[in-house]
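Participant: Here you go, this is target.cif (mmCIF, C-alpha atoms).
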data_data
loop_
_atom_site.label_atom_id
_atom_site.label_comp_id
_atom_site.auth_asym_id
_atom_site.auth_seq_id
_atom_site.Cartn_x
_atom_site.Cartn_y
_atom_site.Cartn_z
CA MET A 181 -26.41 -171.56 7.53
CA ASP A 182 -29.75 -173.22 8.27
CA VAL A 183 -30.88 -172.58 4.70
CA ALA A 184 -27.79 -174.27 3.32
CA ILE A 185 -28.37 -177.34 5.48
CA GLU A 186 -32.00 -177.59 4.32
CA LEU A 187 -30.91 -177.37 0.67
CA ILE A 188 -28.36 -180.13 1.21
CA VAL A 189 -31.05 -182.37 2.76
CA VAL A 190 -33.43 -181.79 -0.14
CA VAL A 191 -30.71 -182.59 -2.67
CA VAL A 192 -29.85 -185.81 -0.84
CA VAL A 193 -33.51 -186.91 -0.80
CA LEU A 194 -33.92 -186.20 -4.51
CA VAL A 195 -30.75 -188.13 -5.36
CA ALA A 196 -31.90 -191.08 -3.29
CA ALA A 197 -35.31 -191.09 -4.95
CA ALA A 198 -33.76 -190.91 -8.40
CA ALA A 199 -31.43 -193.79 -7.57
CA ALA A 200 -34.33 -195.91 -6.31
CA GLY A 201 -36.37 -195.17 -9.42
CA GLY A 202 -33.51 -196.01 -11.67
CA LEU A 203 -32.97 -199.28 -9.83
CA THR A 204 -36.63 -200.21 -10.22
CA LEU A 205 -36.56 -199.30 -13.93
CA LEU A 206 -33.39 -201.32 -14.38
CA ARG A 207 -34.95 -204.37 -12.72
CA GLY A 208 -38.04 -204.02 -14.94
CA ARG A 209 -35.89 -203.83 -18.04
CA ARG A 210 -33.85 -206.87 -16.95
CA ARG A 211 -37.06 -208.85 -16.28
CA ARG A 212 -38.47 -207.86 -19.69
CA ASP A 213 -35.20 -208.74 -21.42
CA ALA A 214 -35.18 -212.10 -19.68
CA VAL A 215 -38.73 -212.87 -20.82
CA ILE A 216 -37.94 -211.82 -24.38
CA GLY A 217 -34.82 -213.98 -24.35
CA GLU A 218 -36.81 -216.95 -23.06
CA GLU A 219 -39.45 -216.49 -25.76
CA MET A 220 -36.73 -216.30 -28.43
CA ASP A 221 -35.09 -219.49 -27.12
CA THR A 222 -38.28 -221.53 -26.78
CA GLY A 223 -40.36 -220.01 -29.56
CA VAL A 224 -43.29 -219.77 -27.12
CA ARG A 225 -44.80 -216.43 -26.34
CA ARG A 226 -45.94 -215.91 -22.77
CA THR A 227 -49.52 -214.85 -22.10
CA HIS A 228 -50.53 -212.75 -19.17
CA PRO A 229 -53.49 -213.74 -16.97
CA GLU A 230 -54.98 -210.27 -17.11
CA ALA A 231 -55.29 -210.54 -20.91
CA VAL A 232 -57.48 -213.67 -20.77
CA PRO A 233 -61.18 -212.75 -21.26
CA GLU A 234 -63.76 -214.13 -18.89
CA PRO A 235 -65.68 -217.07 -20.38
CA GLN A 236 -69.19 -216.21 -21.51
CA ILE A 237 -71.75 -218.56 -19.97
CA THR A 238 -74.97 -218.89 -21.94
CA PRO A 239 -77.88 -220.13 -19.83
CA PRO A 240 -79.67 -223.14 -21.30
CA ALA A 241 -82.86 -222.37 -23.22
CA PRO A 242 -86.03 -223.45 -21.44
CA ASP A 243 -87.60 -226.62 -22.76
CA PRO A 244 -90.72 -225.89 -24.84
CA ILE A 245 -93.91 -227.13 -23.24
CA THR A 246 -96.00 -229.75 -24.99
CA PRO A 247 -99.59 -229.10 -26.11
CA ALA A 248 -100.80 -231.40 -23.34
CA GLU A 249 -98.91 -229.40 -20.72
CA ARG A 250 -100.30 -226.16 -22.13
CA PHE A 251 -103.84 -227.52 -21.82
CA ARG A 252 -103.23 -228.61 -18.24
CA GLN A 253 -101.79 -225.24 -17.23
CA ARG A 254 -104.49 -223.16 -18.91
CA LEU A 255 -107.49 -225.24 -17.88
CA SER A 256 -106.87 -225.15 -14.15
CA ARG A 257 -110.24 -223.53 -13.40
CA ALA A 258 -112.22 -225.96 -15.54
CA ARG A 259 -110.31 -228.85 -13.98
CA GLY A 260 -111.11 -227.65 -10.48
CA ALA A 261 -114.85 -227.42 -11.11
CA PHE A 262 -115.36 -230.46 -13.33
CA GLY A 263 -112.69 -233.13 -13.01
CA GLU A 264 -112.11 -232.87 -9.29
CA SER A 265 -115.85 -232.74 -8.65
CA VAL A 266 -116.43 -235.93 -10.63
CA ALA A 267 -113.49 -237.66 -8.97
CA GLY A 268 -114.91 -236.75 -5.58
CA ILE A 269 -118.30 -238.18 -6.52
CA PHE A 270 -116.86 -241.53 -7.54
CA SER A 271 -114.70 -241.71 -4.44
CA ARG A 272 -117.91 -242.39 -2.49
CA GLY A 273 -118.64 -245.51 -4.51
CA MET A 274 -121.21 -246.34 -7.19
CA THR A 275 -124.39 -245.53 -5.32
CA GLN A 276 -127.59 -244.05 -6.66
CA GLU A 277 -126.68 -240.79 -4.95
CA ALA A 278 -123.34 -240.80 -6.76
CA TRP A 279 -125.01 -241.20 -10.18
CA GLU A 280 -127.38 -238.33 -9.43
CA ALA A 281 -124.50 -236.17 -8.23
CA LEU A 282 -122.66 -236.96 -11.47
CA GLU A 283 -125.65 -235.75 -13.49
CA GLU A 284 -125.72 -232.49 -11.53
CA SER A 285 -122.00 -231.98 -11.99
CA LEU A 286 -122.17 -232.50 -15.76
CA ILE A 287 -125.14 -230.16 -16.14
CA SER A 288 -123.47 -227.45 -14.07
CA ALA A 289 -120.39 -227.79 -16.29
CA ASP A 290 -122.54 -226.87 -19.35
CA VAL A 291 -122.60 -230.31 -20.91
CA GLY A 292 -126.35 -229.84 -21.32
CA VAL A 293 -129.30 -231.71 -19.83
CA GLU A 294 -130.04 -234.04 -22.72
CA ALA A 295 -126.38 -234.80 -23.38
CA THR A 296 -125.81 -235.42 -19.67
CA MET A 297 -128.64 -237.92 -19.41
CA GLU A 298 -127.35 -239.82 -22.44
CA LEU A 299 -123.78 -239.87 -21.13
CA VAL A 300 -124.71 -241.06 -17.66
CA GLU A 301 -127.10 -243.70 -18.98
CA GLY A 302 -124.43 -245.01 -21.35
CA LEU A 303 -121.87 -245.01 -18.55
CA ARG A 304 -124.12 -246.99 -16.22
CA GLU A 305 -124.92 -249.55 -18.92
CA ARG A 306 -121.27 -250.14 -19.78
CA ALA A 307 -120.24 -250.30 -16.13
CA SER A 308 -122.87 -252.97 -15.54
CA ALA A 309 -122.00 -254.93 -18.70
CA GLU A 310 -118.28 -254.89 -17.94
CA GLY A 311 -118.65 -255.74 -14.26
CA ILE A 312 -117.20 -252.50 -12.94
CA SER A 313 -118.03 -252.15 -9.27
CA THR A 314 -115.64 -249.50 -7.95
CA GLY A 315 -115.78 -245.73 -8.15
CA GLU A 316 -112.26 -245.65 -9.56
CA GLY A 317 -113.26 -248.08 -12.29
CA ALA A 318 -116.25 -245.92 -13.20
CA LEU A 319 -114.06 -242.81 -13.31
CA ALA A 320 -111.62 -244.50 -15.70
CA LEU A 321 -114.55 -245.60 -17.87
CA LEU A 322 -115.92 -242.04 -17.95
CA LYS A 323 -112.58 -240.75 -19.21
CA GLU A 324 -112.59 -243.36 -21.97
CA ILE A 325 -116.16 -242.48 -22.99
CA LEU A 326 -115.33 -238.76 -23.15
CA ARG A 327 -112.29 -239.47 -25.30
CA LEU A 328 -114.36 -241.57 -27.69
CA GLU A 329 -117.10 -238.94 -27.67
CA LEU A 330 -114.70 -236.19 -28.70
CA ALA A 331 -112.66 -238.25 -31.14
CA VAL A 332 -115.40 -239.05 -33.67
CA VAL A 333 -115.46 -235.70 -35.51
CA ASP A 334 -113.13 -234.19 -38.09
CA ARG A 335 -111.28 -231.22 -36.58
CA THR A 336 -109.13 -230.53 -39.65
CA LEU A 337 -108.77 -226.91 -40.70
CA HIS A 338 -109.30 -227.41 -44.40
CA ARG A 339 -107.11 -225.86 -47.10
CA ARG A 340 -107.32 -226.07 -50.85
CA ALA A 341 -104.50 -227.63 -52.83
CA GLU A 342 -104.11 -224.62 -55.13
CA GLY A 343 -104.97 -220.97 -54.76
CA ALA A 344 -105.99 -219.01 -51.72
CA SER A 345 -107.96 -220.84 -49.05
CA VAL A 346 -110.93 -218.84 -47.74
CA TRP A 347 -111.96 -218.89 -44.09
CA LEU A 348 -115.08 -216.90 -43.18
CA VAL A 349 -115.13 -216.02 -39.48
CA THR A 350 -118.28 -214.93 -37.71
CA GLY A 351 -119.75 -214.57 -34.23
CA VAL A 352 -121.25 -212.13 -31.77
CA ASN A 353 -119.31 -209.05 -30.65
CA GLY A 354 -117.25 -209.61 -27.54
CA THR A 355 -116.43 -213.25 -28.19
CA GLY A 356 -112.86 -212.53 -29.33
CA LYS A 357 -113.61 -212.96 -33.04
CA THR A 358 -111.26 -210.32 -34.45
CA THR A 359 -108.53 -211.24 -31.97
CA SER A 360 -108.80 -214.88 -33.03
CA ILE A 361 -108.43 -213.84 -36.67
CA GLY A 362 -105.31 -211.86 -35.78
CA LYS A 363 -103.78 -214.83 -33.97
CA LEU A 364 -104.54 -217.11 -36.90
CA ALA A 365 -102.84 -214.62 -39.21
CA ALA A 366 -99.79 -214.41 -36.95
CA SER A 367 -99.32 -218.17 -36.78
CA SER A 368 -99.79 -218.52 -40.55
CA THR A 369 -97.31 -215.78 -41.48
CA ALA A 370 -94.83 -217.22 -38.97
CA ALA A 371 -95.08 -220.46 -40.96
CA GLY A 372 -94.09 -218.57 -44.11
CA GLU A 373 -97.56 -218.13 -45.61
CA LYS A 374 -98.91 -215.04 -47.33
CA VAL A 375 -102.12 -213.96 -45.58
CA VAL A 376 -104.78 -211.38 -46.48
CA LEU A 377 -107.18 -210.06 -43.85
CA VAL A 378 -110.52 -208.75 -45.10
CA ALA A 379 -112.23 -206.17 -42.88
CA ALA A 380 -115.85 -206.96 -43.79
CA ASP A 381 -117.02 -205.87 -40.34
CA THR A 382 -118.12 -202.38 -41.39
CA PHE A 383 -120.89 -202.27 -38.79
CA ARG A 384 -118.79 -201.89 -35.63
CA ALA A 385 -116.81 -198.70 -35.08
CA ALA A 386 -113.03 -199.24 -35.06
CA ALA A 387 -113.33 -202.88 -36.20
CA ALA A 388 -111.18 -202.22 -39.27
CA GLU A 389 -108.61 -200.35 -37.15
CA GLN A 390 -108.33 -203.34 -34.85
CA LEU A 391 -107.75 -205.62 -37.81
CA GLU A 392 -105.15 -203.16 -39.18
CA LEU A 393 -103.20 -203.47 -35.94
CA TRP A 394 -103.22 -207.24 -36.22
CA GLY A 395 -102.09 -206.94 -39.82
CA GLN A 396 -99.11 -204.84 -38.72
CA ARG A 397 -98.23 -207.28 -35.94
CA SER A 398 -98.50 -210.36 -38.12
CA GLY A 399 -97.23 -209.02 -41.43
CA ALA A 400 -100.53 -209.74 -43.17
CA ARG A 401 -102.08 -207.45 -45.76
CA VAL A 402 -105.41 -205.84 -44.80
CA ILE A 403 -108.17 -204.96 -47.29
CA ARG A 404 -110.73 -202.48 -45.95
CA HIS A 405 -113.30 -199.89 -47.02
CA GLY A 406 -114.77 -197.02 -45.07
CA GLU A 407 -117.08 -197.46 -42.11
CA GLY A 408 -120.61 -198.37 -43.19
CA ALA A 409 -119.51 -199.77 -46.55
CA ASP A 410 -121.18 -202.82 -48.07
CA PRO A 411 -119.54 -205.85 -46.38
CA ALA A 412 -120.09 -208.02 -49.46
CA ALA A 413 -118.19 -205.49 -51.60
CA VAL A 414 -115.28 -205.56 -49.14
CA ALA A 415 -115.26 -209.35 -49.26
CA PHE A 416 -115.23 -209.25 -53.07
CA ASP A 417 -112.30 -206.82 -53.21
CA GLY A 418 -110.45 -208.74 -50.53
CA TYR A 419 -110.56 -212.02 -52.40
CA GLN A 420 -109.60 -210.38 -55.70
CA ALA A 421 -106.58 -208.76 -54.02
CA ALA A 422 -105.58 -212.06 -52.43
CA ARG A 423 -105.81 -213.92 -55.72
CA ALA A 424 -103.75 -211.26 -57.52
CA ALA A 425 -101.09 -211.37 -54.82
CA GLY A 426 -100.89 -215.16 -54.80
CA ALA A 427 -101.94 -215.36 -51.15
CA ASP A 428 -102.19 -218.68 -49.33
CA LEU A 429 -104.97 -217.78 -46.91
CA VAL A 430 -107.83 -215.26 -46.81
CA LEU A 431 -109.37 -214.54 -43.40
CA VAL A 432 -112.66 -212.63 -43.63
CA ASP A 433 -113.81 -210.76 -40.54
CA THR A 434 -117.57 -210.16 -40.38
CA ALA A 435 -119.75 -207.97 -38.20
CA GLY A 436 -120.71 -209.20 -34.75
CA ARG A 437 -124.24 -210.10 -35.66
CA LEU A 438 -127.00 -210.27 -33.10
CA GLN A 439 -128.75 -213.51 -33.85
CA ASN A 440 -132.18 -211.88 -33.42
CA LYS A 441 -131.50 -209.18 -36.03
CA VAL A 442 -132.83 -210.75 -39.22
CA ALA A 443 -131.44 -208.07 -41.56
CA LEU A 444 -127.93 -208.41 -40.21
CA MET A 445 -127.99 -212.18 -40.45
CA GLU A 446 -129.18 -211.91 -44.05
CA GLU A 447 -126.24 -209.60 -44.75
CA LEU A 448 -123.91 -212.29 -43.44
CA GLY A 449 -125.47 -214.75 -45.86
CA LYS A 450 -124.86 -212.29 -48.69
CA VAL A 451 -121.14 -212.02 -47.80
CA LYS A 452 -120.83 -215.78 -47.99
CA ARG A 453 -122.65 -215.98 -51.32
CA VAL A 454 -120.40 -213.34 -52.88
CA LEU A 455 -117.26 -215.11 -51.67
CA GLU A 456 -118.42 -218.47 -52.98
CA ARG A 457 -119.38 -216.96 -56.34
CA GLU A 458 -115.80 -215.75 -56.76
CA ALA A 459 -113.78 -218.37 -54.91
CA GLY A 460 -115.99 -221.44 -54.75
CA PRO A 461 -117.15 -222.97 -51.43
CA CYS A 462 -115.49 -221.48 -48.38
CA ASP A 463 -112.90 -223.88 -47.00
CA GLU A 464 -113.96 -223.03 -43.46
CA VAL A 465 -116.86 -221.13 -41.90
CA LEU A 466 -115.74 -220.70 -38.31
CA LEU A 467 -118.09 -219.58 -35.56
CA VAL A 468 -116.41 -217.93 -32.59
CA LEU A 469 -118.08 -218.65 -29.24
CA ASP A 470 -117.20 -217.42 -25.77
CA ALA A 471 -116.85 -220.41 -23.43
CA THR A 472 -117.96 -218.33 -20.46
CA THR A 473 -121.46 -217.77 -21.93
CA GLY A 474 -122.40 -221.43 -21.58
CA GLN A 475 -125.81 -222.43 -22.90
CA ASN A 476 -126.44 -218.90 -24.21
CA GLY A 477 -123.57 -219.43 -26.62
CA LEU A 478 -125.23 -222.60 -27.90
CA ALA A 479 -128.43 -220.66 -28.61
CA GLN A 480 -126.42 -218.12 -30.60
CA ALA A 481 -124.73 -220.88 -32.55
CA LYS A 482 -128.03 -222.40 -33.69
CA ALA A 483 -129.09 -219.07 -35.21
CA PHE A 484 -125.82 -218.72 -37.12
CA MET A 485 -126.11 -222.28 -38.38
CA ASP A 486 -129.47 -221.42 -39.93
CA THR A 487 -127.82 -218.61 -41.95
CA VAL A 488 -124.46 -220.06 -42.97
CA ASP A 489 -123.12 -223.60 -43.09
CA VAL A 490 -120.81 -223.49 -40.09
CA THR A 491 -117.95 -226.00 -40.34
CA GLY A 492 -116.42 -225.61 -36.90
CA VAL A 493 -116.19 -223.64 -33.69
CA VAL A 494 -113.44 -221.44 -32.26
CA LEU A 495 -114.02 -221.60 -28.50
CA THR A 496 -112.39 -218.64 -26.78
CA LYS A 497 -111.72 -217.92 -23.10
CA LEU A 498 -111.72 -221.61 -22.23
CA ASP A 499 -108.99 -220.89 -19.70
CA GLY A 500 -111.25 -218.42 -17.89
CA THR A 501 -114.31 -220.61 -17.30
CA ALA A 502 -115.12 -223.21 -14.68
CA LYS A 503 -117.40 -225.00 -17.18
CA GLY A 504 -115.17 -227.08 -19.41
CA GLY A 505 -118.10 -229.32 -20.32
CA ILE A 506 -119.19 -226.74 -22.91
CA VAL A 507 -116.90 -228.53 -25.39
CA ILE A 508 -118.99 -231.69 -25.03
CA GLY A 509 -122.22 -229.70 -25.17
CA ILE A 510 -121.25 -228.03 -28.46
CA GLN A 511 -120.49 -231.33 -30.12
CA ARG A 512 -123.50 -233.16 -28.69
CA GLN A 513 -126.13 -230.46 -29.20
CA LEU A 514 -124.86 -228.78 -32.35
CA GLY A 515 -123.00 -231.58 -34.09
CA LEU A 516 -120.09 -229.18 -34.62
CA PRO A 517 -116.44 -229.86 -33.87
CA VAL A 518 -114.46 -227.46 -31.71
CA LYS A 519 -111.47 -226.86 -33.98
CA LEU A 520 -109.61 -224.13 -32.10
CA VAL A 521 -109.56 -223.05 -28.48
CA GLY A 522 -108.38 -219.84 -26.86
CA LEU A 523 -106.27 -220.59 -23.79
CA GLY A 524 -104.88 -217.14 -22.96
CA GLU A 525 -103.90 -213.72 -24.23
CA SER A 526 -100.70 -214.44 -26.15
CA VAL A 527 -100.56 -215.33 -29.85
CA ASP A 528 -99.53 -218.91 -29.07
CA ASP A 529 -102.57 -219.43 -26.86
CA LEU A 530 -104.92 -220.01 -29.79
CA ALA A 531 -104.41 -223.73 -30.34
CA GLU A 532 -105.88 -226.58 -32.30
CA PHE A 533 -108.16 -228.61 -30.06
CA ASP A 534 -106.60 -231.82 -28.74
CA HIS A 535 -109.30 -234.06 -27.28
CA ASP A 536 -106.85 -236.36 -25.47
CA ALA A 537 -105.05 -233.46 -23.80
CA PHE A 538 -108.40 -231.87 -22.98
CA VAL A 539 -109.71 -234.93 -21.11
CA ASP A 540 -106.38 -235.34 -19.34
CA ALA A 541 -106.47 -231.69 -18.31
CA LEU A 542 -110.03 -231.87 -17.02
CA PHE A 543 -109.04 -234.64 -14.64
CA GLY A 544 -105.68 -233.12 -13.78
CA GLN A 545 -103.73 -235.89 -15.46
CA VAL A 546 -101.45 -235.58 -18.49
CA THR A 547 -100.12 -238.72 -20.12
CA ASP A 548 -98.07 -239.17 -23.24
CA GLY A 549 -100.25 -241.80 -24.80
CA GLY A 550 -103.80 -240.96 -23.76
CA ARG A 551 -105.37 -243.59 -21.47
CA ASN A 552 -102.78 -245.28 -19.28
CA ASP A 553 -102.48 -248.84 -17.97
CA ARG A 554 -103.89 -247.89 -14.58
CA GLU A 555 -107.11 -246.67 -16.22
CA ASP A 556 -107.37 -249.97 -18.11
CA ASP A 557 -107.02 -251.92 -14.87
CA LEU A 558 -109.55 -249.77 -13.01
CA ARG A 559 -112.07 -249.99 -15.84
CA ARG A 560 -111.90 -253.77 -15.63
CA GLY A 561 -112.66 -253.54 -11.93
CA ASN A 562 -109.25 -254.68 -10.71
CA GLY A 563 -108.85 -251.52 -8.65
CA ARG A 564 -105.11 -251.88 -8.15
CA ALA A 565 -103.57 -249.08 -6.13
#
Can you dump the structure from the file as structure tokens?
Facilitator:
Amino acid sequence: MDVAIELIVVVVVLVAAAAAGGLTLLRGRRRRDAVIGEEMDTGVRRTHPEAVPEPQITPPAPDPITPAERFRQRLSRARGAFGESVAGIFSRGMTQEAWEALEESLISADVGVEATMELVEGLRERASAEGISTGEGALALLKEILRLELAVVDRTLHRRAEGASVWLVTGVNGTGKTTSIGKLAASSTAAGEKVVLVAADTFRAAAAEQLELWGQRSGARVIRHGEGADPAAVAFDGYQAARAAGADLVLVDTAGRLQNKVALMEELGKVKRVLEREAGPCDEVLLVLDATTGQNGLAQAKAFMDTVDVTGVVLTKLDGTAKGGIVIGIQRQLGLPVKLVGLGESVDDLAEFDHDAFVDALFGQVTDGGRNDREDDLRRGNGRA
């Protein structure tokens, strides 16, 4: 009896559940039929919110920094030691002590003794002639003099109108010579040029391998011989390969010569003579100097200039020195323009030297048009705040 009752209860529950399910299904069908009928009447198909994809939000691309901003960011150490020091000196007025302190500051920044004396003497004469009596006016005048000082030389990286341009790159080991060549190759190939790298540094172990890596990174072709091969022979083969391939630029890496090793310096001269016999005068002979070596780097440069006709300087590690005055020292003492500067480790941090941005960076001030109106007023002695 109890079993029969339990069976009846189960049957009732199942029937009720089936009825409820059927009712729900019926309502769903009626709702669907109603929607379909509405769409047929109006000709408009309904869309369901869950079918709408989420909008894709693309973050705005960062604004590219200007060359002047790059100089200011990278030269923070040089600015702290040089520009701020000079500004502090002039803040005390134009006293004899201030002029002597300015001389010390310029010398410590690697401007050089002789160049410093000439700069300070010229600054004092102009300040007197123009009636400048305030420290701020003298500071503005110093900026103008430095700009004029650095603007008088040709910093063009020369190319020939037809055929492959030849740039011979030299310098002491450890200055960043091969790395600078690699960065030059990368920027040139990125501009659509065909570049050949010539591994004429057969004196240093693994020099050719380092250049090979830069060739792979930049897409430039590398011409090399075995270690200890004749560098002049490598240079010859490199130029012939570049000419056959219709290359736009040939970058020749040379051994890191010690300026007191006469035989090695003579070998460098031989490489240059072979290149010029085949290609004509080199379009550039670039000497790579390490900015952190200061006056020692200038002594090295003089020895290289006696061997090859250097056309310009690549000044590396300028972002890592507190002696930004080395740029002025190179131009004053050597008569050579700084054409390229290394401002960091990335490929984009080898940049053409911008004298306006450099002076602005040294004094912690970046302007769009070089000297601003305030500097003009201060130089005249108006001293407006």
Participant: Would you compute the distance between CA of Leu516 (chain A) and CA of Val465 (chain A)? Give it in Å to one decimal.
Facilitator: 11.3 Å
Participant: Pick the closest to Gly509 (chain A) from A:Met445, A:Ala479, A:Val527, A:Ala415: which is it, counting only C-alpha atoms?
Facilitator: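 Looking at the shortest contact to Gly509 (chain A), the residue is A:Ala479.
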Participant: List as a tab-separated table every residue of region 363-447 of chain A that is in contact with region 458-462 of chain A, defined as an atom at most 12 Å from one of its atoms (using all atoms listed in the file), together with the nearest atom pair and the distance in Å rounded to one decimal, sorted by chain and then rising number.
Facilitator:
residue	atom	partner	partner_atom	distance
A:Ala412	CA	A:Glu458	CA	11.5
A:Ala413	CA	A:Glu458	CA	11.7
A:Ala415	CA	A:Glu458	CA	9.9
A:Phe416	CA	A:Glu458	CA	7.5
A:Asp417	CA	A:Glu458	CA	10.2
A:Gly418	CA	A:Glu458	CA	10.8
A:Tyr419	CA	A:Ala459	CA	7.5
A:Gln420	CA	A:Glu458	CA	8.3
A:Ala421	CA	A:Glu458	CA	11.9
A:Ala422	CA	A:Ala459	CA	10.6
A:Arg423	CA	A:Ala459	CA	9.2
A:Leu429	CA	A:Cys462	CA	11.2
A:Val430	CA	A:Cys462	CA	10.0
A:Leu431	CA	A:Cys462	CA	10.5
A:Val432	CA	A:Cys462	CA	10.4
Participant: So, with all atoms listed in the file as the atoms that count, which of A:Leu319, A:Ile510, A:Ala424, A:Val293 lies closest to Arg272 (chain A)?
Facilitator: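 Between A:Leu319, A:Ile510, A:Ala424, A:Val293, the residue approaching Arg272 (chain A) most closely is A:Leu319.
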Participant: Write out as a list in words each polymer residue whose atoms come within 6 Å of Gly505 (chain A), counting all atoms listed in the file; drop sequence neighbours fewer than 3 positions from it.
Facilitator: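 Here the qualifying residues turn out to be Ala289, Asp290, Val291 and Ile508 of chain A.
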Participant: Would you kindly translate the PyMOL selection byres ((chain A and resi 343-360) around 9) into the concrete residues it picks from this file, as JSON, numbers by chain?
Facilitator: {"A": [338, 339, 340, 341, 342, 361, 362, 363, 364, 365, 375, 384, 387, 390, 391, 394, 419, 422, 423, 426, 427, 428, 429, 430, 431, 432, 433, 434, 435, 436, 437, 438, 439, 448, 452, 455, 459, 461, 462, 463, 464, 465, 466, 467, 468, 469, 470, 471, 480, 481, 484, 494, 495, 496, 497, 522, 527, 530]}
Participant: Using the incomplete input, complete region 398-404 of chain A to the level of all heavy atoms; output as a PDB file, in the coordinates of the input.
Facilitator:
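Output (part.pdb):
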ATOM      1  N   SER A 398     -98.720-209.052 -37.514  1.00  0.00           N
ATOM      2  CA  SER A 398     -98.500-210.360 -38.120  1.00  0.00           C
ATOM      3  C   SER A 398     -97.818-210.303 -39.479  1.00  0.00           C
ATOM      4  O   SER A 398     -97.338-211.331 -39.974  1.00  0.00           O
ATOM      5  CB  SER A 398     -99.846-211.083 -38.278  1.00  0.00           C
ATOM      6  OG  SER A 398    -100.695-210.373 -39.169  1.00  0.00           O
ATOM      7  N   GLY A 399     -97.789-209.124 -40.082  1.00  0.00           N
ATOM      8  CA  GLY A 399     -97.230-209.020 -41.430  1.00  0.00           C
ATOM      9  C   GLY A 399     -98.207-209.402 -42.510  1.00  0.00           C
ATOM     10  O   GLY A 399     -97.809-209.682 -43.650  1.00  0.00           O
ATOM     11  N   ALA A 400     -99.500-209.414 -42.182  1.00  0.00           N
ATOM     12  CA  ALA A 400    -100.530-209.740 -43.170  1.00  0.00           C
ATOM     13  C   ALA A 400    -101.059-208.469 -43.825  1.00  0.00           C
ATOM     14  O   ALA A 400    -101.095-207.407 -43.198  1.00  0.00           O
ATOM     15  CB  ALA A 400    -101.675-210.502 -42.501  1.00  0.00           C
ATOM     16  N   ARG A 401    -101.491-208.583 -45.060  1.00  0.00           N
ATOM     17  CA  ARG A 401    -102.080-207.450 -45.760  1.00  0.00           C
ATOM     18  C   ARG A 401    -103.552-207.309 -45.360  1.00  0.00           C
ATOM     19  O   ARG A 401    -104.256-208.309 -45.190  1.00  0.00           O
ATOM     20  CB  ARG A 401    -101.972-207.660 -47.269  1.00  0.00           C
ATOM     21  CG  ARG A 401    -102.526-206.492 -48.092  1.00  0.00           C
ATOM     22  CD  ARG A 401    -102.408-206.801 -49.577  1.00  0.00           C
ATOM     23  NE  ARG A 401    -102.991-205.735 -50.391  1.00  0.00           N
ATOM     24  CZ  ARG A 401    -103.123-205.796 -51.711  1.00  0.00           C
ATOM     25  NH1 ARG A 401    -102.685-206.871 -52.356  1.00  0.00           N
ATOM     26  NH2 ARG A 401    -103.661-204.802 -52.377  1.00  0.00           N
ATOM     27  N   VAL A 402    -104.029-206.092 -45.209  1.00  0.00           N
ATOM     28  CA  VAL A 402    -105.410-205.840 -44.800  1.00  0.00           C
ATOM     29  C   VAL A 402    -106.135-205.096 -45.922  1.00  0.00           C
ATOM     30  O   VAL A 402    -105.657-204.075 -46.414  1.00  0.00           O
ATOM     31  CB  VAL A 402    -105.471-205.014 -43.496  1.00  0.00           C
ATOM     32  CG1 VAL A 402    -106.928-204.723 -43.125  1.00  0.00           C
ATOM     33  CG2 VAL A 402    -104.773-205.755 -42.365  1.00  0.00           C
ATOM     34  N   ILE A 403    -107.299-205.611 -46.305  1.00  0.00           N
ATOM     35  CA  ILE A 403    -108.170-204.960 -47.290  1.00  0.00           C
ATOM     36  C   ILE A 403    -109.377-204.406 -46.540  1.00  0.00           C
ATOM     37  O   ILE A 403    -110.086-205.166 -45.858  1.00  0.00           O
ATOM     38  CB  ILE A 403    -108.628-205.941 -48.381  1.00  0.00           C
ATOM     39  CG1 ILE A 403    -107.408-206.577 -49.070  1.00  0.00           C
ATOM     40  CG2 ILE A 403    -109.510-205.234 -49.386  1.00  0.00           C
ATOM     41  CD1 ILE A 403    -106.488-205.593 -49.756  1.00  0.00           C
ATOM     42  N   ARG A 404    -109.626-203.111 -46.669  1.00  0.00           N
ATOM     43  CA  ARG A 404    -110.730-202.480 -45.950  1.00  0.00           C
ATOM     44  C   ARG A 404    -111.357-201.381 -46.783  1.00  0.00           C
ATOM     45  O   ARG A 404    -110.728-200.852 -47.698  1.00  0.00           O
ATOM     46  CB  ARG A 404    -110.228-201.898 -44.622  1.00  0.00           C
ATOM     47  CG  ARG A 404    -109.103-200.879 -44.781  1.00  0.00           C
ATOM     48  CD  ARG A 404    -108.695-200.265 -43.470  1.00  0.00           C
ATOM     49  NE  ARG A 404    -109.756-199.431 -42.892  1.00  0.00           N
ATOM     50  CZ  ARG A 404    -109.593-198.670 -41.815  1.00  0.00           C
ATOM     51  NH1 ARG A 404    -108.416-198.657 -41.198  1.00  0.00           N
ATOM     52  NH2 ARG A 404    -110.576-197.940 -41.359  1.00  0.00           N
TER      53      ARG A 404
END
